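Following: one structure in structure tokens, then a few remarks.
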Amino acid sequence: MNRLLVSLVAIAAVTVCAADGTISAVSDIDGNVQQPQGLTVIVSNQFDFPVSVYYDDGRSGVFMMELQPRSNGQLNTFYGHKFYAKRYPSDPSELQSFVITYDETEVVLRNKEATIIENKSKSYRQHPSVKNIPGPRTTATSVKFRSLSSRTIEIWYDNGTPEGSPQGELRSGQETTTNAYEGHVFFFTVKGKKELELARHTIVADQVLYLVYDDDQHMASKDILDKTAKELKFMEEYLERTGIHWRHNFDMNGPRPPPVLHMWNAKEIGQTHEVRSANGYWSCNGPNSKCQSSDSISLELEVVSVAPKVFIIPDFLSDFEADTLIGIANKSVKHSTVGSADGGGIRSSETRTSRNTWIPRRTSALVDTLFRRAADAINVDEKLLHTNANVEDIQIVHYVNGQKYDSHHDWGVSGYHESRYITMLMYLTDQEDPQAGGETAFPKGGHGGGFKVKPVKGDAVLFYNLLEDGNGDDLALHAALPVWRGEKWLANFWVWDPKRK
């Protein structure tokens with residue numbers, strides 16, 4: 001049997017146990033609950049006395065088995081689950097604690113540490129473009145604000161100044177999604193009457209939906225209040241059933257349904273999917289017959305993260321195609337914004353300091369080819385990749401001199417089920433050197449420790465913003481790290497599900 005990594009950790013986070021006592025949720029050591037990946041773990045007791053093994057549910061623990069001296073036991077569990085061993089049930093101290101980090105694992109309990117038995121299989125190698133992020137784990141999380149006032153309200157981030165930082169506005173019943181951090185404070189006032197503060201919320205780890213009430217005279221309609229009560233009940237049931245929070249849209253008919261478009265599976269690091277595309281590379285400006293290769297392209301999607309699902313696609317673009325996109329964009333780039341018209345408002349923000357522009361599919365035959373090639377890579381009909389169906393125009397982004405885009409999600413909630421589903425990032429330039437910055441970071445990937453992908457010209461990064469059941473994936477949090485030397489050009493390609501709103 002292949003044996004993979006089992007890590008010793010300090011037990012700190014709460015995971016969820018189903019009502020009948022069976023384990024039903026997957027949680028990493030930062031409390032980020034992930035999608036179940038079932039596996040069997042062999043636990044070997046090398047002590048000279050019996051030990052009891054417990055699943056850490058964040059409370060009193062769930063007894064799993066007793067192991068006699070020099071004996072083995074079997075756990076049917078999931079990666080990300082946490083366990084600890086004690087000499088006897090009433091013993092207040094733990095002999096060992098460990099987290100299951102990959103499938104097909106074994107842990108040996110002995111002395112003061114658990115022996116790590118690692119499979120050095122090629123399939124579990126780290127991709128050369130990927131590096132772990134050092135330092136403390138992020139406390140970032142996606143949160144929803146909803147107005148239960150009949151009046152339009154304004155959102156403010158308490159940045160320590162008397163004025164606060166404006167974050168948009170909400171009409172009655174409207175909601176917006178934003179990325180925040182534990183301990184951040186937001187306050188809400190009546191539009192045009194900042195002295196009338198309706199609510200002040202401090203972000204905590206175990207809450208997603210933050211409601212803004214008004215007085216009895218200015219409460220939202222009964223329909224809005226009833227819908228909110230129904231959603232709160234569903235969120236409670238969903239958390240108990242899955243171990244993770246419901247974060248996406250919910251209307252009177254229920255939660256956002258599962259995606260209808262294809263989703264590549266990502267069972268393990270190093271897994272690959274190969275796609276043949278008839279949409280060959282371009283090498284010059286001119287007619288297809290002269291400037292586009294008639295040879296098909298082999299696109300290899302390599303899994304670099306299981307949760308969130310992230311793939312690297314080498315050589316998705318030719319050098320000429322990348323340079324052409326930059327040449328088109330250079331004529332019209334302008335300062336980037338954040339937000340949306342129906343989700344709090346579009347605004348400038350110090351969290352995003354790049355410049356960008358948009359390139360429609362109809363721009364040229366070369367650009368049309370990129371849409372068709374992308375359709376092959378994500379396994380959808382190219383007819384869906386038009387702005388009146390499932391995609392946006394390609395967004396070209398330019399970063400220099402410390403410019404960045406702080407941690408954010410590409411999906412959001414604005415009162416409808418339609419959502420960004422797939423993000424494909426196409427790198428148009430190389431990283432100047434290993435210290436030049438500009439990587440794409442996934443702070444909640446890598447089992448909560450975070451990882452980053454360096455820009456390689458022509459390569460693409462593909463990830464999913466939604467889970468299989470239609471929920472928003474909080475682990476799909478990502479950031480464009482600051483560019484310290486040189487410049488970075490990037491193409492964003494977004495596919496919506498079930499269609500573009």
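Scheme for the structure tokens: letters A, B, ... for chains in order shown; per-chain residue numbers from 1; ligand numbers from 1 in order shown.
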For Val208 in chain A, list every protein, DNA or RNA residue within 9 Å, evaluated using only C-alpha atoms, and leave out those in the same chain fewer than 4 positions away; present the list as a PyMOL selection string.
-> chain A and resi 141-145+203-204+245-247
Name the residues in contact with Ser44 in chain A at a cut-off of 7 Å, using only C-alpha atoms, excluding same-chain residues fewer than 2 positions from it; report them as number ranges by chain.
-> A: 42, 46, 71-73, 107-109
Write out as a VMD selection string the residues lying within 12 Å of Asn471 in chain A, counting only C-alpha atoms and excluding same-chain residues fewer than 5 positions away.
-> chain A and resid 34 to 35 235 238 to 239 242 244 to 250 255 to 259 411 to 413 417 to 421 464 to 466 476 497
Show which residues sit within 8 Å of Pro136 in chain A, as a CSV table (one decimal) with N, CA and C atoms, in the first residue's frame. Count only C-alpha atoms, and ignore same-chain residues fewer than 2 positions away.
chain,number,residue,atom,x,y,z
A,134,PRO,N,5.2,31.0,3.0
A,134,PRO,CA,5.6,31.0,4.4
A,134,PRO,C,4.8,31.9,5.3
A,138,THR,N,-3.8,32.7,6.7
A,138,THR,CA,-4.7,33.8,6.5
A,138,THR,C,-6.0,33.6,7.3
A,449,GLY,N,-2.2,26.3,4.3
A,449,GLY,CA,-1.0,27.0,4.4
A,449,GLY,C,-0.7,28.0,3.3
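Across the structure, CA of Gly486 in chain A and CA of Thr440 in chain A are spaced 15.8 Å apart.
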Within 6 Å of Val304 in chain A, counting only C-alpha atoms, which residues qualify if same-chain residues fewer than 4 places away don't, as an NGL selection string?
-> :A and (269 or 310-311)
Requested write-out: C-alpha atoms of the selected residues, as a tab-separated table (two decimals), in the first residue's frame:
chain	number	residue	atom	x	y	z
A	269	ILE	CA	-1.61	16.55	-6.85
A	310	VAL	CA	-6.40	24.46	-9.46
A	311	PHE	CA	-4.68	23.34	-12.67
